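Some notes on the structure that comes next.
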Amino acid sequence: MIETSTKTAEARSCITSALAGTGPAALTCSFQAEDIVVLHLVRESLPGIPVFFLDTGYHFDEVYRYRDEMTARYGLNLVNLIPEKTVAEQEAQFGILYRSQPDQCCKMRKVVPLFSALEHYDVWFTGLRRVQSPTRANLQTTDTFPLPSGKHLLKVSPLADWRDKDVWSFAREHEIPLLSLYDEGYTSIGCGPCTQRPLDPENARSGRWAGRKLECGIHIAGDH
């Protein structure tokens, strides 16, 4: 696939540039296909990069198993980011937030833990792609991202212009096993209670949060 090869070369160049002469870097990984591809590419230059997994406590069992399998397979420097409250503590105090206030649930279990961890880094790699959702249509390969503290990060999305076929082609070429939930028809995979198969075949993220929203908040500057 000539097109995929070209995009791979561009992604590698983007990663190399982002790592040149900068401070410490980290990568967020939900263990979806694009995140695994970015992880593969970034580890070519920085094998020990911290891999942030937002351990909300609500993930599918398949995600936890796959995370552990891939961590062992590649010897990842995995960092599980844990919310301040356990699932039981949060539900005892606030009820089932993912039903009543999904934005607040995402903030407590994803946004706050991630932004706190990112305070110690200058470069943030993601697997974001423009085709994933209308909310990402204007995604830039590199951008400046402000944390609530006022600190600014270099946010890098090397696969910004990759289409689904590019991601899957790369995975096949490099014999990278992917999350089994894709075989069950899921196209965007987050916490179990808030993930279903897509409602709109043209929008991979339409199965998230029962269509009530498309983003958890970690990728929206100012939404803190």
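Chain labels follow the order of the structure tokens: the first chain is A, the next B, and so on; residue numbering restarts at 1 in every chain, and ligands are counted from 1 in their shown order.
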
* To do: Skip region 170-174 of chain A itself and residues of its chain fewer than 4 positions away, then list as a ChimeraX atom specification all residues within 8 Å of it, counting only C-alpha atoms.
  => /A:4,33,37,166,178

Would you give me, as CSV, each residue of region 58-145 of chain A having an atom within 12 Å of an atom of region 6-17 of chain A, along with its shortest atom pair and that distance in Å to one decimal, using only C-alpha atoms and sorting by chain and residue number?
```
residue,atom,partner,partner_atom,distance
A:Val123,CA,A:Ile15,CA,10.3
A:Trp124,CA,A:Ile15,CA,10.7
A:Phe125,CA,A:Ile15,CA,8.6
A:Thr126,CA,A:Ile15,CA,10.9
A:Gly127,CA,A:Ala11,CA,11.1
A:Gln140,CA,A:Cys14,CA,11.6
A:Thr141,CA,A:Cys14,CA,7.9
A:Thr142,CA,A:Cys14,CA,8.3
A:Asp143,CA,A:Cys14,CA,11.9
```

Prev. selection, N, CA and C atoms, output as a PDB file, in the first residue's frame:
```
ATOM      1  N   VAL A 123       5.569  16.875  26.091  1.00  0.00           N
ATOM      2  CA  VAL A 123       5.063  16.370  24.811  1.00  0.00           C
ATOM      3  C   VAL A 123       4.042  15.270  25.087  1.00  0.00           C
ATOM      4  N   TRP A 124       2.908  15.362  24.418  1.00  0.00           N
ATOM      5  CA  TRP A 124       1.817  14.410  24.616  1.00  0.00           C
ATOM      6  C   TRP A 124       1.436  13.800  23.274  1.00  0.00           C
ATOM      7  N   PHE A 125       1.691  12.500  23.129  1.00  0.00           N
ATOM      8  CA  PHE A 125       1.328  11.782  21.905  1.00  0.00           C
ATOM      9  C   PHE A 125      -0.056  11.149  22.046  1.00  0.00           C
ATOM     10  N   THR A 126      -0.856  11.257  20.976  1.00  0.00           N
ATOM     11  CA  THR A 126      -2.196  10.662  20.963  1.00  0.00           C
ATOM     12  C   THR A 126      -2.420   9.911  19.656  1.00  0.00           C
ATOM     13  N   GLY A 127      -3.482   9.103  19.648  1.00  0.00           N
ATOM     14  CA  GLY A 127      -3.861   8.378  18.439  1.00  0.00           C
ATOM     15  C   GLY A 127      -5.041   9.001  17.728  1.00  0.00           C
ATOM     16  N   GLN A 140      -5.161  18.976  14.101  1.00  0.00           N
ATOM     17  CA  GLN A 140      -3.823  19.237  13.570  1.00  0.00           C
ATOM     18  C   GLN A 140      -2.860  18.139  14.019  1.00  0.00           C
ATOM     19  N   THR A 141      -1.854  17.883  13.209  1.00  0.00           N
ATOM     20  CA  THR A 141      -0.863  16.875  13.589  1.00  0.00           C
ATOM     21  C   THR A 141      -0.127  17.288  14.856  1.00  0.00           C
ATOM     22  N   THR A 142       0.233  18.552  14.936  1.00  0.00           N
ATOM     23  CA  THR A 142       0.839  19.082  16.154  1.00  0.00           C
ATOM     24  C   THR A 142       0.083  20.344  16.566  1.00  0.00           C
ATOM     25  N   ASP A 143      -0.057  20.504  17.851  1.00  0.00           N
ATOM     26  CA  ASP A 143      -0.794  21.648  18.360  1.00  0.00           C
ATOM     27  C   ASP A 143      -0.304  21.947  19.768  1.00  0.00           C
TER      28      ASP A 143
END
```

* Given the choices A:Cys194, A:Cys106, A:Ala25, A:Val167, which gets closest to Gly48 (chain A) if the distance is worked out from only C-alpha atoms? -> A:Ala25

* Asked: Which is closest to Val51 (chain A) among A:Tyr66, A:Leu78, A:Leu39, A:Arg73, if we use only C-alpha atoms?
  ->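 Closest candidate: A:Leu78.
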
* Counting only C-alpha atoms, figure out which residue out of A:Gly57, A:Pro24, A:Gly190, A:Pro198 gets nearest to Gln90 (chain A). => A:Gly57

* Any idea what the distance is between CA of Pro83 (chain A) and CA of Ile96 (chain A)? -> 15.5 Å

* To do: Considering only C-alpha atoms, state which residue in the set A:Val87, A:Val131, A:Leu27, A:Val79 is at the smallest distance from Asn203 (chain A).
  => A:Val131

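The two atoms in question, CA of Ser116 (chain A) and CA of Gly192 (chain A), are spaced 24.0 Å apart.
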